[in-house]
Structure formats: structure tokens, C-alpha cells
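final_29.txt follows; it contains compact mmCIF, C-alpha atoms and all ligand atoms.
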# COMPACT_ATOMS: atom_id res chain seq x y z
CA MET A 1 6.71 -22.72 -17.43
CA SER A 2 9.02 -25.13 -19.23
CA ASP A 3 6.19 -27.09 -20.86
CA ASP A 4 4.96 -25.40 -24.06
CA GLY A 5 1.43 -26.69 -23.55
CA LYS A 6 1.22 -25.03 -20.14
CA ASN A 7 2.45 -21.75 -21.59
CA ARG A 8 -0.70 -21.55 -23.67
CA TRP A 9 -3.11 -22.08 -20.79
CA ARG A 10 -5.67 -19.36 -20.27
CA SER A 11 -5.93 -17.64 -16.92
CA ARG A 12 -8.72 -19.80 -15.46
CA THR A 13 -6.78 -22.96 -16.19
CA ARG A 14 -3.64 -21.44 -14.72
CA ALA A 15 -5.54 -20.40 -11.59
CA VAL A 16 -6.49 -24.01 -10.92
CA ARG A 17 -3.49 -25.94 -12.23
CA ALA A 18 -0.38 -23.79 -12.58
CA GLY A 19 2.44 -24.76 -10.24
CA LEU A 20 0.78 -28.02 -9.15
CA ASP A 21 3.62 -30.29 -8.04
CA ARG A 22 2.21 -33.58 -6.82
CA SER A 23 4.09 -35.75 -4.36
CA PRO A 24 4.54 -39.49 -5.05
CA HIS A 25 1.20 -40.03 -3.27
CA GLY A 26 -0.73 -38.44 -6.13
CA GLU A 27 -2.93 -36.22 -3.97
CA THR A 28 -5.64 -34.31 -5.91
CA SER A 29 -5.31 -31.03 -4.04
CA GLU A 30 -1.96 -29.36 -3.41
CA ALA A 31 -0.13 -30.92 -0.47
CA LEU A 32 0.60 -28.91 2.66
CA PHE A 33 4.25 -29.33 3.64
CA LEU A 34 4.33 -28.27 7.29
CA ASN A 35 8.03 -28.70 7.84
CA SER A 36 10.74 -26.19 8.59
CA GLY A 37 13.76 -28.18 7.47
CA PHE A 38 14.75 -30.78 4.85
CA VAL A 39 17.08 -33.78 4.98
CA TYR A 40 19.81 -34.75 2.53
CA ASP A 41 20.79 -38.23 1.33
CA THR A 42 24.47 -37.52 1.87
CA ALA A 43 26.77 -34.84 3.17
CA GLU A 44 27.84 -34.29 -0.43
CA GLN A 45 24.25 -33.56 -1.42
CA ALA A 46 23.91 -31.05 1.42
CA GLU A 47 27.09 -29.34 0.24
CA ALA A 48 25.88 -29.27 -3.37
CA ARG A 49 22.55 -27.80 -2.35
CA PHE A 50 24.17 -24.98 -0.39
CA LEU A 51 26.40 -24.32 -3.40
CA GLY A 52 23.29 -24.09 -5.56
CA ASP A 53 24.43 -27.05 -7.70
CA ASP A 54 21.63 -29.34 -6.54
CA GLU A 55 18.02 -28.29 -6.96
CA GLY A 56 15.96 -28.75 -3.86
CA PHE A 57 14.87 -27.20 -0.62
CA ILE A 58 17.17 -26.19 2.23
CA TYR A 59 15.06 -24.52 4.88
CA SER A 60 11.52 -23.11 4.81
CA ARG A 61 12.76 -19.56 5.39
CA TYR A 62 14.40 -19.94 1.94
CA GLY A 63 11.63 -21.89 0.28
CA ASN A 64 9.08 -24.64 0.84
CA PRO A 65 7.27 -26.96 -1.61
CA THR A 66 3.78 -25.63 -0.83
CA VAL A 67 5.00 -22.03 -1.00
CA ALA A 68 6.79 -22.81 -4.28
CA MET A 69 3.52 -24.04 -5.80
CA PHE A 70 1.84 -20.77 -4.83
CA GLU A 71 4.74 -18.74 -6.22
CA GLU A 72 4.59 -20.51 -9.58
CA ARG A 73 0.80 -20.21 -9.82
CA LEU A 74 0.81 -16.50 -9.06
CA ALA A 75 3.75 -15.82 -11.41
CA GLN A 76 1.81 -17.41 -14.25
CA LEU A 77 -1.33 -15.42 -13.45
CA ASP A 78 0.62 -12.17 -13.18
CA GLY A 79 2.61 -12.71 -16.35
CA SER A 80 5.87 -12.28 -14.46
CA GLU A 81 8.85 -14.58 -14.73
CA ALA A 82 9.36 -15.25 -11.04
CA CYS A 83 7.80 -14.76 -7.61
CA PHE A 84 8.96 -14.71 -4.01
CA ALA A 85 6.16 -15.13 -1.44
CA THR A 86 6.20 -13.13 1.79
CA ALA A 87 4.48 -13.22 5.16
CA SER A 88 2.27 -10.20 4.37
CA GLY A 89 1.70 -7.59 1.71
CA MET A 90 3.73 -5.08 3.71
CA ALA A 91 6.66 -7.50 3.94
CA ALA A 92 6.50 -7.65 0.13
CA VAL A 93 6.48 -3.85 -0.26
CA PHE A 94 9.29 -3.38 2.25
CA ALA A 95 11.47 -6.12 0.72
CA ALA A 96 10.83 -4.97 -2.86
CA LEU A 97 12.09 -1.48 -1.96
CA LEU A 98 14.83 -2.14 0.60
CA CYS A 99 16.45 -4.99 -1.32
CA GLN A 100 17.46 -2.58 -4.08
CA LEU A 101 17.85 0.81 -2.38
CA GLN A 102 20.75 2.33 -0.51
CA SER A 103 21.71 5.60 1.07
CA GLY A 104 21.80 8.45 -1.46
CA ASP A 105 19.22 6.90 -3.78
CA HIS A 106 16.23 8.85 -5.09
CA VAL A 107 12.66 7.49 -5.17
CA VAL A 108 9.54 9.02 -6.70
CA ALA A 109 6.17 7.76 -5.47
CA SER A 110 2.53 8.69 -5.76
CA ARG A 111 1.11 10.51 -2.75
CA ALA A 112 -2.11 8.47 -2.52
CA LEU A 113 -0.89 5.27 -0.91
CA PHE A 114 -1.95 2.55 1.48
CA GLY A 115 -1.18 3.90 4.98
CA SER A 116 1.71 1.52 5.72
CA CYS A 117 3.29 2.10 2.29
CA HIS A 118 3.12 5.82 3.06
CA TYR A 119 4.94 5.14 6.35
CA ILE A 120 7.74 3.20 4.66
CA LEU A 121 8.26 5.87 2.02
CA THR A 122 7.99 8.97 4.18
CA GLN A 123 9.28 7.74 7.55
CA LEU A 124 11.57 4.75 7.05
CA LEU A 125 13.38 5.39 3.76
CA PRO A 126 14.53 8.93 4.68
CA ARG A 127 15.99 7.49 7.90
CA TYR A 128 18.44 5.54 5.73
CA GLY A 129 19.40 8.53 3.61
CA ILE A 130 17.04 7.73 0.74
CA GLU A 131 15.39 10.80 -0.77
CA VAL A 132 11.68 10.43 -1.58
CA ASP A 133 9.55 12.78 -3.68
CA LEU A 134 5.78 12.37 -3.60
CA VAL A 135 3.61 13.40 -6.54
CA ASP A 136 -0.10 13.54 -7.33
CA GLY A 137 -0.21 10.32 -9.30
CA ALA A 138 -2.93 11.32 -11.74
CA ASP A 139 -0.93 14.37 -12.88
CA LEU A 140 1.64 13.25 -15.46
CA SER A 141 3.46 16.57 -15.40
CA GLN A 142 4.38 16.01 -11.73
CA TRP A 143 5.91 12.62 -12.57
CA GLN A 144 7.78 14.33 -15.41
CA ASP A 145 9.09 16.98 -13.02
CA LYS A 146 10.33 14.63 -10.33
CA ILE A 147 11.63 11.61 -12.25
CA LYS A 148 15.17 12.63 -13.17
CA ASP A 149 18.53 11.20 -14.14
CA GLY A 150 19.65 9.07 -11.24
CA THR A 151 16.15 8.26 -9.96
CA LYS A 152 16.43 4.67 -8.82
CA VAL A 153 12.87 3.55 -8.12
CA VAL A 154 9.36 4.71 -9.02
CA PHE A 155 6.61 3.35 -6.77
CA PHE A 156 2.82 3.60 -6.98
CA GLU A 157 -0.47 1.81 -6.55
CA THR A 158 -3.38 2.03 -8.98
CA PRO A 159 -6.21 2.35 -8.11
CA SER A 160 -5.02 3.97 -4.90
CA ASN A 161 -6.40 3.38 -1.44
CA PRO A 162 -8.89 4.82 -0.58
CA THR A 163 -9.48 7.53 -3.22
CA LEU A 164 -9.14 5.12 -6.17
CA ASP A 165 -6.97 7.53 -8.17
CA LEU A 166 -5.63 5.80 -11.26
CA ILE A 167 -2.13 6.10 -12.57
CA ASP A 168 -1.46 5.74 -16.27
CA LEU A 169 0.65 2.58 -16.23
CA LYS A 170 2.14 2.96 -19.67
CA ALA A 171 2.95 6.66 -19.40
CA VAL A 172 4.61 6.53 -15.97
CA ILE A 173 6.50 3.29 -16.67
CA ASP A 174 7.85 4.81 -19.90
CA LEU A 175 8.96 7.97 -18.06
CA ALA A 176 10.77 5.87 -15.46
CA HIS A 177 12.44 3.67 -18.03
CA ASP A 178 13.70 6.72 -19.93
CA VAL A 179 16.03 7.33 -16.96
CA ASP A 180 16.59 3.62 -16.19
CA ALA A 181 14.60 3.74 -12.97
CA ARG A 182 12.92 0.53 -11.84
CA VAL A 183 9.15 0.61 -11.45
CA VAL A 184 7.54 -1.12 -8.48
CA VAL A 185 3.74 -1.35 -8.68
CA ASP A 186 1.53 -2.25 -5.72
CA ASN A 187 -1.24 -4.08 -7.62
CA VAL A 188 -3.29 -5.11 -4.59
CA PHE A 189 -6.51 -3.32 -5.49
CA SER A 190 -6.58 -4.71 -9.02
CA THR A 191 -5.17 -8.23 -8.66
CA PRO A 192 -3.79 -9.81 -11.86
CA ILE A 193 -7.41 -10.34 -12.96
CA LEU A 194 -8.20 -6.63 -13.46
CA GLN A 195 -4.80 -5.43 -14.63
CA ARG A 196 -1.31 -6.83 -15.17
CA PRO A 197 1.36 -4.14 -14.72
CA ALA A 198 4.04 -6.55 -15.97
CA ASP A 199 2.40 -6.39 -19.40
CA TYR A 200 3.17 -2.64 -19.41
CA GLY A 201 6.78 -3.24 -18.44
CA ALA A 202 6.61 -2.83 -14.64
CA ASP A 203 9.82 -4.28 -13.23
CA VAL A 204 8.42 -5.42 -9.90
CA VAL A 205 4.81 -6.09 -8.92
CA VAL A 206 3.81 -6.54 -5.28
CA TYR A 207 0.67 -8.10 -3.84
CA SER A 208 -1.05 -8.61 -0.55
CA GLY A 209 -2.46 -12.14 -0.59
CA THR A 210 -4.53 -11.09 2.41
CA LYS A 211 -7.04 -9.31 0.20
CA HIS A 212 -8.72 -10.90 -2.87
CA MET A 213 -6.37 -13.88 -3.17
CA ASP A 214 -7.50 -15.36 0.12
CA GLY A 215 -10.74 -13.45 -0.23
CA GLN A 216 -12.26 -15.06 2.81
CA GLY A 217 -10.59 -13.25 5.67
CA ARG A 218 -8.40 -16.06 6.96
CA ILE A 219 -4.71 -15.40 6.54
CA LEU A 220 -1.98 -12.85 5.80
CA GLY A 221 0.33 -13.20 2.85
CA GLY A 222 2.13 -11.27 0.15
CA ALA A 223 4.33 -11.67 -2.90
CA VAL A 224 6.98 -9.91 -4.96
CA LEU A 225 6.97 -10.65 -8.70
CA SER A 226 9.71 -9.74 -11.16
CA SER A 227 12.29 -11.16 -13.51
CA GLN A 228 14.34 -14.07 -12.20
CA ALA A 229 17.40 -11.81 -12.47
CA PHE A 230 15.92 -9.24 -10.04
CA ILE A 231 15.15 -11.98 -7.54
CA THR A 232 18.58 -13.58 -7.89
CA ASP A 233 20.50 -10.29 -7.82
CA HIS A 234 18.50 -8.32 -5.24
CA LEU A 235 15.61 -9.99 -3.50
CA MET A 236 16.68 -13.54 -2.72
CA ASN A 237 19.42 -12.84 -0.22
CA PHE A 238 17.43 -10.00 1.37
CA MET A 239 14.50 -12.38 1.92
CA ARG A 240 16.57 -15.36 3.01
CA HIS A 241 18.51 -13.41 5.59
CA THR A 242 15.83 -11.09 6.98
CA GLY A 243 13.18 -13.80 7.23
CA PRO A 244 9.70 -12.52 6.22
CA ALA A 245 8.91 -15.89 4.61
CA MET A 246 5.36 -17.03 3.89
CA SER A 247 4.20 -19.97 5.99
CA ALA A 248 3.30 -23.17 4.14
CA PHE A 249 -0.17 -23.12 5.66
CA ASN A 250 -0.84 -19.62 4.33
CA ALA A 251 0.50 -20.62 0.91
CA TRP A 252 -1.88 -23.58 0.90
CA ILE A 253 -4.85 -21.32 1.69
CA LEU A 254 -3.76 -18.92 -1.04
CA LEU A 255 -3.37 -21.74 -3.60
CA LYS A 256 -7.00 -22.63 -2.99
CA GLY A 257 -7.94 -18.94 -3.01
CA LEU A 258 -6.34 -18.36 -6.41
CA GLU A 259 -8.45 -21.18 -7.87
CA THR A 260 -11.63 -19.18 -7.37
CA MET A 261 -10.31 -15.60 -7.37
CA GLU A 262 -11.38 -14.72 -10.91
CA LEU A 263 -14.91 -16.02 -10.34
CA ARG A 264 -15.25 -14.28 -6.98
CA LEU A 265 -13.82 -11.02 -8.23
CA ALA A 266 -16.04 -10.95 -11.32
CA GLU A 267 -19.10 -11.26 -9.08
CA GLN A 268 -17.77 -8.67 -6.60
CA CYS A 269 -17.11 -6.22 -9.45
CA ARG A 270 -20.64 -6.75 -10.77
CA ASN A 271 -22.07 -6.13 -7.31
CA ALA A 272 -19.86 -3.07 -6.85
CA GLN A 273 -20.95 -1.57 -10.18
CA THR A 274 -24.64 -1.98 -9.26
CA ILE A 275 -24.12 -0.54 -5.79
CA ALA A 276 -22.01 2.39 -7.03
CA GLU A 277 -24.81 3.36 -9.43
CA MET A 278 -27.35 3.10 -6.59
CA LEU A 279 -25.22 5.25 -4.28
CA GLU A 280 -24.86 7.97 -6.92
CA ALA A 281 -28.60 8.53 -6.77
CA GLN A 282 -28.74 9.04 -2.98
CA ASP A 283 -29.29 12.49 -1.46
CA ALA A 284 -27.09 11.72 1.54
CA VAL A 285 -24.15 10.89 -0.76
CA GLU A 286 -22.16 13.84 -2.03
CA ARG A 287 -19.78 12.01 -4.38
CA VAL A 288 -19.09 8.43 -5.43
CA LEU A 289 -15.64 7.35 -6.58
CA TYR A 290 -15.71 4.11 -8.54
CA PRO A 291 -13.63 3.48 -11.70
CA GLY A 292 -16.59 1.76 -13.39
CA LEU A 293 -18.83 4.84 -13.20
CA LYS A 294 -19.08 7.17 -16.19
CA SER A 295 -18.82 10.08 -13.72
CA PHE A 296 -15.41 8.83 -12.50
CA PRO A 297 -12.82 11.51 -13.39
CA GLN A 298 -10.51 8.93 -14.98
CA TYR A 299 -13.20 6.72 -16.52
CA ALA A 300 -11.42 6.57 -19.90
CA LEU A 301 -8.17 5.41 -18.31
CA ALA A 302 -10.05 2.82 -16.25
CA GLN A 303 -11.61 1.47 -19.44
CA ALA A 304 -8.21 1.37 -21.11
CA GLN A 305 -6.17 -0.38 -18.45
CA MET A 306 -8.61 -2.29 -16.22
CA THR A 307 -11.00 -5.08 -17.15
CA ALA A 308 -13.58 -3.96 -14.53
CA GLY A 309 -13.99 -1.27 -11.88
CA GLY A 310 -12.88 -3.40 -8.94
CA SER A 311 -14.55 -4.39 -5.69
CA VAL A 312 -13.99 -1.17 -3.74
CA ILE A 313 -16.22 1.92 -3.79
CA THR A 314 -15.28 5.11 -1.96
CA PHE A 315 -17.89 7.75 -1.28
CA ASP A 316 -18.32 11.04 0.51
CA LEU A 317 -21.34 11.44 2.73
CA ARG A 318 -22.90 14.83 3.24
CA GLY A 319 -21.63 16.06 6.58
CA GLY A 320 -18.50 14.92 8.38
CA LYS A 321 -17.30 12.40 10.90
CA ASP A 322 -20.54 12.35 12.92
CA GLU A 323 -22.65 11.57 9.87
CA ALA A 324 -20.17 8.95 8.66
CA PHE A 325 -20.19 7.25 12.06
CA ARG A 326 -23.99 7.40 12.20
CA PHE A 327 -24.09 5.70 8.78
CA LEU A 328 -21.57 2.98 9.70
CA ASN A 329 -23.30 2.26 12.99
CA GLY A 330 -26.62 1.88 11.16
CA LEU A 331 -25.44 -0.98 8.93
CA GLN A 332 -26.80 -4.44 9.73
CA ILE A 333 -25.11 -6.60 7.08
CA VAL A 334 -21.98 -4.70 6.05
CA ASP A 335 -19.34 -5.07 8.76
CA ILE A 336 -17.16 -2.24 10.02
CA SER A 337 -13.67 -3.50 9.19
CA ASN A 338 -10.55 -2.12 7.54
CA ASN A 339 -9.88 -5.27 5.49
CA LEU A 340 -10.96 -5.52 1.86
CA GLY A 341 -11.42 -8.02 -0.94
CA ASP A 342 -13.40 -10.33 1.35
CA ALA A 343 -16.52 -12.37 0.57
CA LYS A 344 -18.12 -10.33 3.35
CA SER A 345 -18.82 -6.69 2.56
CA LEU A 346 -16.71 -4.45 4.78
CA ILE A 347 -16.69 -0.71 5.36
CA THR A 348 -14.23 1.65 6.97
CA HIS A 349 -13.83 5.34 7.75
CA PRO A 350 -10.29 5.99 6.44
CA ALA A 351 -9.71 9.30 8.27
CA THR A 352 -9.96 7.61 11.68
CA THR A 353 -8.54 4.18 10.79
CA THR A 354 -6.33 3.26 7.83
CA HIS A 355 -5.27 6.86 7.14
CA ARG A 356 -5.34 8.28 10.66
CA ALA A 357 -1.56 8.16 10.96
CA VAL A 358 -0.84 10.07 7.72
CA GLY A 359 -2.20 13.20 9.44
CA PRO A 360 -4.81 15.81 8.49
CA GLU A 361 -2.55 17.79 6.14
CA GLU A 362 -1.61 14.81 3.96
CA ARG A 363 -5.21 13.53 4.07
CA ALA A 364 -6.39 16.87 2.72
CA LYS A 365 -3.80 16.71 -0.08
CA VAL A 366 -5.07 13.34 -1.29
CA GLY A 367 -8.71 14.25 -0.76
CA ILE A 368 -9.61 12.06 2.23
CA GLY A 369 -12.32 14.01 4.02
CA ASP A 370 -14.07 13.28 7.32
CA GLY A 371 -17.22 12.25 5.48
CA MET A 372 -15.42 9.69 3.32
CA VAL A 373 -16.08 5.96 3.68
CA ARG A 374 -14.54 3.02 1.80
CA LEU A 375 -16.77 0.07 1.01
CA SER A 376 -15.32 -3.30 -0.01
CA VAL A 377 -18.12 -5.11 -1.78
CA GLY A 378 -18.45 -8.82 -1.05
CA LEU A 379 -20.42 -11.73 -2.39
CA GLU A 380 -23.75 -11.20 -0.63
CA ASP A 381 -26.88 -10.63 -2.71
CA PRO A 382 -26.60 -7.06 -4.01
CA GLU A 383 -30.27 -6.42 -3.25
CA ASP A 384 -29.66 -7.14 0.44
CA LEU A 385 -26.60 -4.91 0.42
CA MET A 386 -28.48 -2.04 -1.22
CA GLU A 387 -31.31 -2.34 1.29
CA ASP A 388 -28.79 -2.27 4.12
CA LEU A 389 -26.93 0.74 2.71
CA GLY A 390 -30.18 2.56 1.94
CA ALA A 391 -31.52 2.11 5.46
CA ALA A 392 -28.28 3.38 7.00
CA LEU A 393 -28.24 6.37 4.63
CA ASN A 394 -31.71 7.27 5.82
CA ARG A 395 -30.24 7.79 9.28
CA ILE A 396 -28.22 10.64 7.77
CA ASN A 397 -31.13 12.03 5.80
CA ASP A 398 -32.87 12.40 9.14
CA VAL A 399 -30.17 14.77 10.44
CA ILE A 400 -29.04 16.77 7.37
C1 LIG A 501 -3.53 -4.35 2.33
C2 LIG A 501 -2.61 -3.64 1.45
C3 LIG A 501 -1.22 -3.76 1.62
C4 LIG A 501 -0.61 -4.55 2.73
O1 LIG A 501 -0.96 -5.89 2.75
P1 LIG A 501 -0.95 -6.75 4.13
O2 LIG A 501 -1.14 -8.14 3.66
O3 LIG A 501 -2.06 -6.22 4.97
O4 LIG A 501 0.38 -6.53 4.77
C5 LIG A 501 -0.42 -3.05 0.75
N1 LIG A 501 -0.93 -2.27 -0.22
C6 LIG A 501 -2.25 -2.14 -0.41
C7 LIG A 501 -2.74 -1.28 -1.51
C8 LIG A 501 -3.14 -2.81 0.41
O5 LIG A 501 -4.46 -2.68 0.24
Could you rewrite the structure in this file as C-alpha cells?
Ligand SMILES: *Cc1c(COP(=O)(O)O)cnc(C)c1O
Amino acid sequence: MSDDGKNRWRSRTRAVRAGLDRSPHGETSEALFLNSGFVYDTAEQAEARFLGDDEGFIYSRYGNPTVAMFEERLAQLDGSEACFATASGMAAVFAALLCQLQSGDHVVASRALFGSCHYILTQLLPRYGIEVDLVDGADLSQWQDKIKDGTKVVFFETPSNPTLDLIDLKAVIDLAHDVDARVVVDNVFSTPILQRPADYGADVVVYSGTKHMDGQGRILGGAVLSSQAFITDHLMNFMRHTGPAMSAFNAWILLKGLETMELRLAEQCRNAQTIAEMLEAQDAVERVLYPGLKSFPQYALAQAQMTAGGSVITFDLRGGKDEAFRFLNGLQIVDISNNLGDAKSLITHPATTTHRAVGPEERAKVGIGDGMVRLSVGLEDPEDLMEDLGAALNRINDVI
């Protein structure tokens, strides 16, 4: 970001060109550096590099030229100063939390979380003497109650998985900053295209590259974004010495994925909006949760902090698990899969898959019923998708 001209680039230009670091061969596309180690001209240069006095790569667990291009591109899209890429989204969440927490610390998090994030917060952190309070993220008074002097970290995702609850970025970040707590936002569902938590003052933003960034179901990846100071003071040594580094190949896929992410996501959001409106009119559907619908309980907040409703729709079918399974098994185009953000439309039954492990009590608290399904809308023709969904819904109409 040293070049003033590049600082003024708009997001589409950044998506295609930010971070590009061509080798002396002048390749058009970003080069894939499939090497683990690096060589030095002299022993003195090796010494200087380990001292941090000589810029350059040391070992691909620390950094790699292809990964560095991805990190720079994503940092510029996210509006954050710096980025450290990780092997998966969960490696990013884990590192972002553990690199700064220690025994005796207090964390406040929203209750509606991705299943594995829920596991880290409720199972792993307490094991190391870190106290965690969960709140209903949409209820500001609960954040107010739990965020207190000494709270170290506030963690949430918005929209949440799978109920799509929104959290008021500005309000919660301000509450956290009043007591000098750091805010870590899992921005996977939104991507930097729909919302940029760093613009609201979030201290750390985490992503799963596996979802919309790749967008074509190929690889796992993740990233932690923050100030350079946070990376230097907290994250860098944690990452270097625990080893969840992103592979160069995955970074290369993600560099290409970022080039088209805005275009893909815009189309997926358009499809999702159309499909959400269609689902609302179906007898077999009890309730549709989609931030772009006027009926969405937090529609005003969605309009204020997101540029579109996203690519995921969650809906409750009339009936329970049997009806939901009957519906899923009746789909011909939409695949049953727990991934999301893909070009292919995917659907899952959270209560028996992604949120099975959180248990029935916690599922009830966040509103995940047995008739709930989560649809990730892809890039197929929306007419074909609506025909497919309609036909499968008819299988429920037959039994209710
Ligand atoms: C998928 C996901 C993750 C984890 O990402 P992986 O790349 O699968 O490890 C974290 N948070 C949210 C909200 C997700 O959807």
C-alpha cells in the first residue's frame, strides 16, 4: 500500500491487482511458489534475515511469496492494515483468540456461532482458565451487562450461522472499546464485499477462504486481519511456532478466487433475494430468515450495515426432522452439503450436521429447530433452482 495511486483503487481493481508481485519472468497471472524453504546468498544474509534486518522469506511456515500476494490482496479488500493467512478458517479463529488470551482472561461472545467456533469458546477456552460469557447477540442490553472492566476480547459473527442473526457492529464495538476490550469479528458470511467490520473499528477480522473466496469448492483456507502491531505483537510468533500456515497452492487458488468474488457474490445475492421471496409464499414453509427480506426482524440493521442480504437463506419447514429430510431428499439440483458460498447451491439440516454437537438445549436457545434448513444459493439459473425447491416442497405438502 506504499504507492499512493494504488491506495485510491476501487475494490474491483484491488480484487484483480492488489498484491501482485511479479517475478523477473513477468508472468501475467500470479506465480505459484511451491517451495518450503529459501536460500541465502551468504551466511551473513541468513543471519540478517533471522534478525529481521533483511526483508525476505525464511521458511514457508513463516511466509511464502504466493501466500504474501494473497495476504496483501485480502488486506486491501478488507480495509485492514495487515493479514496473516492460515490453513483454514478455524485455524484463523483459533489463532486470533489464543494468540492474545491467557488464563484468567474474560471473553464475551454471541451465542449464535458456527459450530466449531462454539466449541473453541465453550469447550477449549475454559480448559485454559479463560472465562467465557455468551449473550444473545441481537440484544444490546446483554452485551452491556456482560462486557465489563477487564473484559479482554469480544467475539461474534454477523450474520450468524445458521439463524442469520445480525449484530450491530458499531454499537457492540463501541461498548467493547469503552473498556479497552479487543473485538474479533468472524466475517465469513458477509465477506469484505457485503460488510467491512474494520471500517467500524473491529480490531481483528477473521475469514474462512473456503467459502466465498474460493467459491468453487476446491480448497481450505483462512485469514486473520488486523493492524500490523497486533500481528507483530501477538499473532506472528503464535503462527510461526504452531504452524497452521496456508499452503502456496491454496493461496494461489484464493488469489484467483478473489478476482471474481465480487461478481459471483453479487449474482448469488440476487439469486438468494429472488428465492427468499419465493420461499416466503410457500405453504410448506413456516418462516424464512434472510436479511434482504422486509419481514426479516433486523431488516433495518441489514440495510444499514450490509450492501446486500448475502448468499445464505435459512428457513423453517412445517413439521420437523422427517419433513426436512423428505424435502432435502427430494432435491434434484441443490446438493445436500454443509459447505456454503459455492457456485453450486448447497443445503444442510443444521440440527443433525453443523450444529449437532452444540446439543438440543443450546440449539433451542439460538432458535435452531428440527424443521430448519440452511440453503447456500449458488450461481445456477434461479428459475431452475426455484423449480427444484418447489418440487421438493410439494413432497411435504403431500404429508402435512
Ligand atoms: C466455515 C466457517 C468457519 C470455518 O472455516 P473453515 O475454513 O471451514 O475452517 C468459521 N466461521 C464461519 C462463520 C464459517 O462459516
Report as an mmCIF file with C-alpha atoms, keeping the file's coordinate frame all protein, DNA and RNA residues lying within 8 Å of Val188 of chain A, evaluated on all atoms listed in the file, omitting residues in the same chain fewer than 5 positions from it.
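To be explicit, this is the file written out as around10.cif:
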data_model
loop_
_atom_site.group_PDB
_atom_site.id
_atom_site.type_symbol
_atom_site.label_atom_id
_atom_site.label_comp_id
_atom_site.auth_asym_id
_atom_site.auth_seq_id
_atom_site.Cartn_x
_atom_site.Cartn_y
_atom_site.Cartn_z
ATOM 1 C CA GLU A 157 -0.470 1.810 -6.550
ATOM 2 C CA VAL A 206 3.810 -6.540 -5.280
ATOM 3 C CA TYR A 207 0.670 -8.100 -3.840
ATOM 4 C CA SER A 208 -1.050 -8.610 -0.550
ATOM 5 C CA LYS A 211 -7.040 -9.310 0.200
#
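We find atom CA of Phe327 of chain A and atom CA of Leu393 of chain A to be spaced 5.9 Å apart.
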Hey, which bits of chain A sit within 8 Å of ligand LIG 501 (chain A), and for each residue what's the closest pair of atoms and how far apart in Å (one decimal), counting only C-alpha atoms and all ligand atoms, rows by chain and increasing number, as a tab-separated table?
residue	atom	partner	partner_atom	distance
A:Ala87	CA	A:LIG501	O2	7.7
A:Ser88	CA	A:LIG501	O2	4.0
A:Gly89	CA	A:LIG501	O1	3.3
A:Met90	CA	A:LIG501	O4	3.8
A:Ala91	CA	A:LIG501	O4	6.4
A:Ala92	CA	A:LIG501	O4	7.8
A:Val93	CA	A:LIG501	C5	7.0
A:Leu113	CA	A:LIG501	C7	6.8
A:Phe114	CA	A:LIG501	C7	4.9
A:Ser116	CA	A:LIG501	C5	7.1
A:Cys117	CA	A:LIG501	C5	6.5
A:Glu157	CA	A:LIG501	C7	6.3
A:Ser160	CA	A:LIG501	C7	6.7
A:Asn161	CA	A:LIG501	C7	5.9
A:Asp186	CA	A:LIG501	N1	6.0
A:Asn187	CA	A:LIG501	C7	6.9
A:Val188	CA	A:LIG501	C7	4.9
A:Phe189	CA	A:LIG501	C7	5.8
A:Tyr207	CA	A:LIG501	C5	6.9
A:Ser208	CA	A:LIG501	O2	4.2
A:Gly209	CA	A:LIG501	O2	6.0
A:Thr210	CA	A:LIG501	O2	4.7
A:Lys211	CA	A:LIG501	C1	6.4
A:Leu220	CA	A:LIG501	O2	5.2
A:Gly221	CA	A:LIG501	O2	5.3
A:Gly222	CA	A:LIG501	O2	5.7
A:Asn339	CA	A:LIG501	C1	7.2
A:Leu340	CA	A:LIG501	O5	7.3
* Polymer residues at most 8 Å from Glu131 of chain A, only C-alpha atoms, same-chain spacing of 2 or more positions, as a ChimeraX atom specification -> /A:104-107,125-126,129,133
* To do: Skip Phe70 of chain A itself and residues of its chain fewer than 3 positions away, then list as a list in words all residues within 9 Å of it, counting only C-alpha atoms.
  => Ala18, Gly19, Leu20, Pro65, Thr66, Val67, Arg73, Leu74, Ala75, Cys83, Ala85, Ala251, Trp252, Leu254, Leu255 and Leu258 of chain A
Mind dumping a table of every segment 185-259 of chain A residue within 10 Å of segment 32-53 of chain A, with the nearest atom pair and its distance in Å to one decimal, using only C-alpha atoms, sorted by chain and rising number, as a tab-separated table?
residue	atom	partner	partner_atom	distance
A:Ser247	CA	A:Leu34	CA	8.4
A:Ala248	CA	A:Leu34	CA	6.1
A:Phe249	CA	A:Leu32	CA	6.6
A:Asn250	CA	A:Leu32	CA	9.5
A:Ala251	CA	A:Leu32	CA	8.5
A:Trp252	CA	A:Leu32	CA	6.1
A:Ile253	CA	A:Leu32	CA	9.4
* Structure fact -> One residue among A:His349, A:Arg287, A:Arg240, A:Lys344 is nearest to Arg218 of chain A when using all atoms listed in the file, and that residue is A:Lys344
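Picture a line from atom CA of Val184 of chain A to atom CA of Arg61 of chain A; it runs 23.7 Å.
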Glu380 of chain A surroundings by all atoms listed in the file, 8 Å radius, close-in-sequence under 2 positions cut, as an mmCIF file with C-alpha atoms, keeping the file's coordinate frame:
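Now in part.cif:
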data_model
loop_
_atom_site.group_PDB
_atom_site.id
_atom_site.type_symbol
_atom_site.label_atom_id
_atom_site.label_comp_id
_atom_site.auth_asym_id
_atom_site.auth_seq_id
_atom_site.Cartn_x
_atom_site.Cartn_y
_atom_site.Cartn_z
ATOM 1 C CA ALA A 343 -16.520 -12.370 0.570
ATOM 2 C CA LYS A 344 -18.120 -10.330 3.350
ATOM 3 C CA SER A 345 -18.820 -6.690 2.560
ATOM 4 C CA GLY A 378 -18.450 -8.820 -1.050
ATOM 5 C CA PRO A 382 -26.600 -7.060 -4.010
ATOM 6 C CA ASP A 384 -29.660 -7.140 0.440
ATOM 7 C CA LEU A 385 -26.600 -4.910 0.420
#
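Between atom CA of Gly217 of chain A and atom CA of Leu375 of chain A the separation is 15.4 Å.
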* Name the residues in contact with segment 309-315 of chain A at a cut-off of 8 Å, using only C-alpha atoms, excluding same-chain residues fewer than 3 positions from it; report them as a ChimeraX atom specification. => /A:162-164,189-190,194,265,268-269,271-273,276,285-293,302,306,340-341,372-378
Determine, counting only C-alpha atoms, every residue of protein, DNA or RNA that lies within 9 Å of (13.9, -14.2, 0.6) in the file coordinates, then give the result as a compact mmCIF listing (two decimals) with C-alpha atoms, in the frame of the given file.
# COMPACT_ATOMS: atom_id res chain seq x y z
CA ARG A 61 12.76 -19.56 5.39
CA TYR A 62 14.40 -19.94 1.94
CA GLY A 63 11.63 -21.89 0.28
CA PHE A 84 8.96 -14.71 -4.01
CA ALA A 85 6.16 -15.13 -1.44
CA THR A 86 6.20 -13.13 1.79
CA ALA A 95 11.47 -6.12 0.72
CA ILE A 231 15.15 -11.98 -7.54
CA LEU A 235 15.61 -9.99 -3.50
CA MET A 236 16.68 -13.54 -2.72
CA ASN A 237 19.42 -12.84 -0.22
CA PHE A 238 17.43 -10.00 1.37
CA MET A 239 14.50 -12.38 1.92
CA ARG A 240 16.57 -15.36 3.01
CA HIS A 241 18.51 -13.41 5.59
CA THR A 242 15.83 -11.09 6.98
CA GLY A 243 13.18 -13.80 7.23
CA PRO A 244 9.70 -12.52 6.22
CA ALA A 245 8.91 -15.89 4.61
